[in-house]
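To start, the structure itself, in structure tokens.
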There are 2 protein chains.
Amino acid sequence: MVTTKEPVLPFTDALVRLAHLVQQVFGEVSREHDLTPQQAQLLCLLVDGPVGMGELSRALHLEKSSLTGLVDRAEKRGLVARTRDPGDRRVCLIELTPDGTRVGVLAHGDVARRLETLAGDLPHEHRDLLAAAIDGLLTAHATRDGGAS
Amino acid sequence: MVTTKEPVLPFTDALVRLAHLVQQVFGEVSREHDLTPQQAQLLCLLVDGPVGMGELSRALHLEKSSLTGLVDRAEKRGLVARTRDPGDRRVCLIELTPDGTRVGVLAHGDVARRLETLAGDLPHEHRDLLAAAIDGLLTAHATRDGGAS
DNA sequence: TCCCATTAGTTTGTATTGCGAACAGTTGGT
DNA sequence: ACCAACTGTTCGCAATACAAACTAATGGGA
């Protein structure tokens, strides 16, 4: 029986707690792969192909200077490499090294697996609705913020 | 057309993105109140009354030493105060100062308001289900981790 | 062509965050 | 009295994050 009881948590608290939980999972997985959570996040963002600093900065909500440091350390560990965009020599494309790709794929898989496990106890309807609702939230936010020219 | 289409995001990605969004909101609100996100989190945890370092450590997933520093800085800013537990003189109860209470309540309200706004576009059924689903996730995690003796 | 506002990233300096190991004070049991 | 367990602090270190000033490249106009 899928009783939809009154939410014990005031909804917003539920969101905050969930964020906390996800962050915790991310932290655990990162440590297992000898990464910092920020590095893991970076690698996960790069598995789809090289990305410029500007786009990374937007995606990670980081100032340019913060990102420079993060990429520096990741480069020093041989996880990513800087490439110059031939079309615009100002642009710096960040791409995964073979090592970085391996670690990034593994870490991403682990995070996904662990979250799936946590969601395993949820009825499928709830899971689907959860995904759809989150999709709506994200869309709302993107429209509100990203919509501004 | 607002059809409930198949989730574009693979569910786990949705969770990660949501966590990101919540974190972002928390960051914005913190900055508006001249707090660091960690300080804001600390204040929000203390509005229900004094809490010992140990419990805080567990709630925030921080090592004891990290927490000492966080409380130190918050104390230096006059947001919290350390009190000795008369029953057990090892224990250090952290409580909000009047200033800390004021800022904490304001910040918590702002976060809640902003998240509510983001969720405003969601149908109420979705919102309730979202809260219930998250509740389930948290319970699952608590049972799995906290249940272990 | 030369100049200049714009854009992309880096450098520098500072504060915060977070961990682990070693430490000091308390407590409770023996 | 003594000692193991527990609570919190100190110390040293690396990573994170920001703002301001800077360098280099781009793409217009004048």
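Here, A, B, ... name the chains of the structure tokens in the order displayed, residue numbers run from 1 inside each chain, and ligands are numbered from 1 in the same displayed order.
The two copies, chain A and chain B, share one sequence, and their C-alpha RMSD after a least-squares fit comes to 0.9 Å.
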Name the residues in contact with D:DA20 at a cut-off of 12 Å, using only C-alpha atoms (C1' of nucleotides), excluding same-chain residues fewer than 3 positions from it; report them as a ChimeraX atom specification. /A:65 /C:11-14
What residues in chain B get the DSSP label alpha helix (DSSP H)? Please answer as a VMD selection string. chain B and resid 12 to 32 37 to 46 53 to 60 64 to 76 98 to 119 124 to 141
Save out the residues we just selected, C-alpha atoms, as a CSV table (one decimal), in the first residue's frame.
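In the end it all went to again-v8.csv:
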```
chain,number,residue,atom,x,y,z
B,12,THR,CA,20.5,9.8,-10.1
B,13,ASP,CA,21.6,12.8,-12.1
B,14,ALA,CA,18.4,14.5,-11.1
B,15,LEU,CA,19.2,13.9,-7.5
B,16,VAL,CA,22.7,15.3,-7.9
B,17,ARG,CA,21.4,18.3,-9.8
B,18,LEU,CA,18.8,19.0,-7.1
B,19,ALA,CA,21.4,18.8,-4.4
B,20,HIS,CA,23.4,21.3,-6.4
B,21,LEU,CA,20.5,23.6,-6.7
B,22,VAL,CA,19.7,23.5,-3.0
B,23,GLN,CA,23.4,24.2,-2.2
B,24,GLN,CA,23.3,27.1,-4.5
B,25,VAL,CA,20.2,28.6,-2.8
B,26,PHE,CA,21.9,28.1,0.5
B,27,GLY,CA,25.0,29.9,-0.7
B,28,GLU,CA,23.0,32.9,-2.0
B,29,VAL,CA,21.1,33.3,1.2
B,30,SER,CA,24.2,32.9,3.3
B,31,ARG,CA,25.9,35.6,1.3
B,32,GLU,CA,23.0,38.0,1.7
B,37,PRO,CA,27.2,28.5,4.0
B,38,GLN,CA,28.7,26.5,6.9
B,39,GLN,CA,27.9,29.1,9.4
B,40,ALA,CA,24.3,29.4,8.1
B,41,GLN,CA,23.9,25.7,8.4
B,42,LEU,CA,25.2,25.8,12.0
B,43,LEU,CA,22.8,28.5,13.0
B,44,CYS,CA,19.9,26.7,11.4
B,45,LEU,CA,20.8,23.6,13.5
B,46,LEU,CA,20.9,25.6,16.7
B,53,MET,CA,29.7,19.3,19.8
B,54,GLY,CA,29.3,15.6,19.4
B,55,GLU,CA,25.7,15.8,18.1
B,56,LEU,CA,26.7,18.7,15.9
B,57,SER,CA,29.5,16.7,14.5
B,58,ARG,CA,27.1,13.9,13.6
B,59,ALA,CA,24.5,16.2,12.1
B,60,LEU,CA,26.9,18.1,9.9
B,64,LYS,CA,35.5,17.1,15.7
B,65,SER,CA,38.5,19.2,14.8
B,66,SER,CA,36.7,20.8,11.8
B,67,LEU,CA,33.7,21.6,14.0
B,68,THR,CA,35.9,23.3,16.6
B,69,GLY,CA,37.2,25.7,14.0
B,70,LEU,CA,33.7,26.4,12.7
B,71,VAL,CA,32.4,27.1,16.2
B,72,ASP,CA,35.5,29.2,17.0
B,73,ARG,CA,34.8,31.5,14.0
B,74,ALA,CA,31.1,31.7,14.7
B,75,GLU,CA,31.9,32.6,18.3
B,76,LYS,CA,34.4,35.2,17.3
B,98,PRO,CA,20.6,36.9,20.5
B,99,ASP,CA,22.4,38.1,17.3
B,100,GLY,CA,22.9,34.5,16.1
B,101,THR,CA,19.2,33.7,16.7
B,102,ARG,CA,18.1,36.7,14.7
B,103,VAL,CA,20.3,36.0,11.8
B,104,GLY,CA,19.6,32.2,12.0
B,105,VAL,CA,15.9,32.7,11.9
B,106,LEU,CA,16.1,35.1,9.0
B,107,ALA,CA,18.4,32.9,7.0
B,108,HIS,CA,16.3,29.8,7.5
B,109,GLY,CA,13.2,31.7,6.5
B,110,ASP,CA,14.9,33.0,3.4
B,111,VAL,CA,16.0,29.5,2.3
B,112,ALA,CA,12.6,28.1,2.9
B,113,ARG,CA,10.9,30.9,1.0
B,114,ARG,CA,13.2,30.6,-1.9
B,115,LEU,CA,12.8,26.9,-2.2
B,116,GLU,CA,9.0,27.2,-1.9
B,117,THR,CA,9.1,29.7,-4.7
B,118,LEU,CA,11.1,27.3,-6.9
B,119,ALA,CA,8.5,24.6,-6.0
B,124,HIS,CA,0.6,20.2,-5.1
B,125,GLU,CA,0.3,16.4,-5.6
B,126,HIS,CA,3.8,16.4,-6.9
B,127,ARG,CA,5.1,18.5,-4.1
B,128,ASP,CA,3.6,16.2,-1.5
B,129,LEU,CA,4.9,13.1,-3.3
B,130,LEU,CA,8.3,14.7,-3.5
B,131,ALA,CA,8.4,15.3,0.2
B,132,ALA,CA,7.1,11.8,0.9
B,133,ALA,CA,9.6,10.2,-1.5
B,134,ILE,CA,12.5,12.1,0.1
B,135,ASP,CA,11.3,11.1,3.5
B,136,GLY,CA,11.5,7.5,2.3
B,137,LEU,CA,15.0,8.0,1.0
B,138,LEU,CA,16.2,9.5,4.2
B,139,THR,CA,14.5,6.7,6.2
B,140,ALA,CA,16.2,4.1,4.0
B,141,HIS,CA,19.5,5.7,4.5
```
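For the pair atom CA of A:Arg82 and atom C1' of D:DC13, the interatomic distance is 27.6 Å.
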Up to 12 Å from chain A, what residues of chain D turn up? Count only C-alpha atoms (C1' of nucleotides) and give them as an MDAnalysis selection string. chainID D and resid 14:20 23:27
I need the residues from that last selection saved to file as an mmCIF file, in the first residue's frame (with C-alpha atoms (C1' of nucleotides)), if you can.
```
data_model
loop_
_atom_site.group_PDB
_atom_site.id
_atom_site.type_symbol
_atom_site.label_atom_id
_atom_site.label_comp_id
_atom_site.auth_asym_id
_atom_site.auth_seq_id
_atom_site.Cartn_x
_atom_site.Cartn_y
_atom_site.Cartn_z
ATOM 1 C "C1'" DA D 14 46.187 20.645 1.928
ATOM 2 C "C1'" DA D 15 42.203 22.063 -0.580
ATOM 3 C "C1'" DT D 16 38.495 25.362 -1.422
ATOM 4 C "C1'" DA D 17 36.703 29.893 -2.601
ATOM 5 C "C1'" DC D 18 36.629 34.712 -3.406
ATOM 6 C "C1'" DA D 19 37.983 39.472 -5.042
ATOM 7 C "C1'" DA D 20 41.027 42.455 -7.340
ATOM 8 C "C1'" DT D 23 48.000 39.226 -19.212
ATOM 9 C "C1'" DA D 24 46.707 37.750 -23.657
ATOM 10 C "C1'" DA D 25 43.656 37.385 -27.582
ATOM 11 C "C1'" DT D 26 39.548 38.926 -30.171
ATOM 12 C "C1'" DG D 27 36.783 41.823 -32.788
#
```
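Secondary structure from DSSP on the backbone puts strand (DSSP E or B) at the following positions of chain A: Val51, Gly52, Val80, Ala81, Arg82, Thr83, Arg84, Cys92, Leu93, Ile94, Glu95 and Leu96 of chain A.
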Write out, as a Markdown table, each residue of chain C that has an atom at most 12 Å from chain A, together with the closest pair of atoms and their distance in Å to one decimal, counting only C-alpha atoms (C1' of nucleotides), rows going by chain and rising number.
```
| residue | atom | partner | partner_atom | distance |
| --- | --- | --- | --- | --- |
| C:DT7 | C1' | A:Arg90 | CA | 8.4 |
| C:DA8 | C1' | A:Arg90 | CA | 5.4 |
| C:DG9 | C1' | A:Lys64 | CA | 7.4 |
| C:DT10 | C1' | A:Thr68 | CA | 7.4 |
| C:DT11 | C1' | A:Ser65 | CA | 8.8 |
| C:DT12 | C1' | A:Ser65 | CA | 10.5 |
| C:DG18 | C1' | A:Thr36 | CA | 10.9 |
| C:DC19 | C1' | A:Thr36 | CA | 11.8 |
```
Take the residues from that selection and write them out as a PDB file, in the first residue's frame, keeping C-alpha atoms (C1' of nucleotides).
```pdb
ATOM      1  C1'  DT C   7      36.364  38.388 -23.309  1.00  0.00           C
ATOM      2  C1'  DA C   8      39.104  34.237 -21.294  1.00  0.00           C
ATOM      3  C1'  DG C   9      42.131  32.734 -17.927  1.00  0.00           C
ATOM      4  C1'  DT C  10      45.756  33.475 -14.616  1.00  0.00           C
ATOM      5  C1'  DT C  11      48.052  35.455 -10.562  1.00  0.00           C
ATOM      6  C1'  DT C  12      48.111  37.091  -5.898  1.00  0.00           C
ATOM      7  C1'  DG C  18      38.317  19.952   6.491  1.00  0.00           C
ATOM      8  C1'  DC C  19      41.191  16.154   7.970  1.00  0.00           C
TER       9       DC C  19
END
```
Which one is closest to chain A: B:Pro10, B:Ile94, B:Gly78, B:Asp85? Count only C-alpha atoms. B:Pro10
To one decimal place in Å, what is the distance between atom C1' of D:DC3 and atom C1' of C:DA21? 21.8 Å
Atom pair atom C1' of C:DA24 / atom CA of B:Val51: separation (Å): 22.2 Å
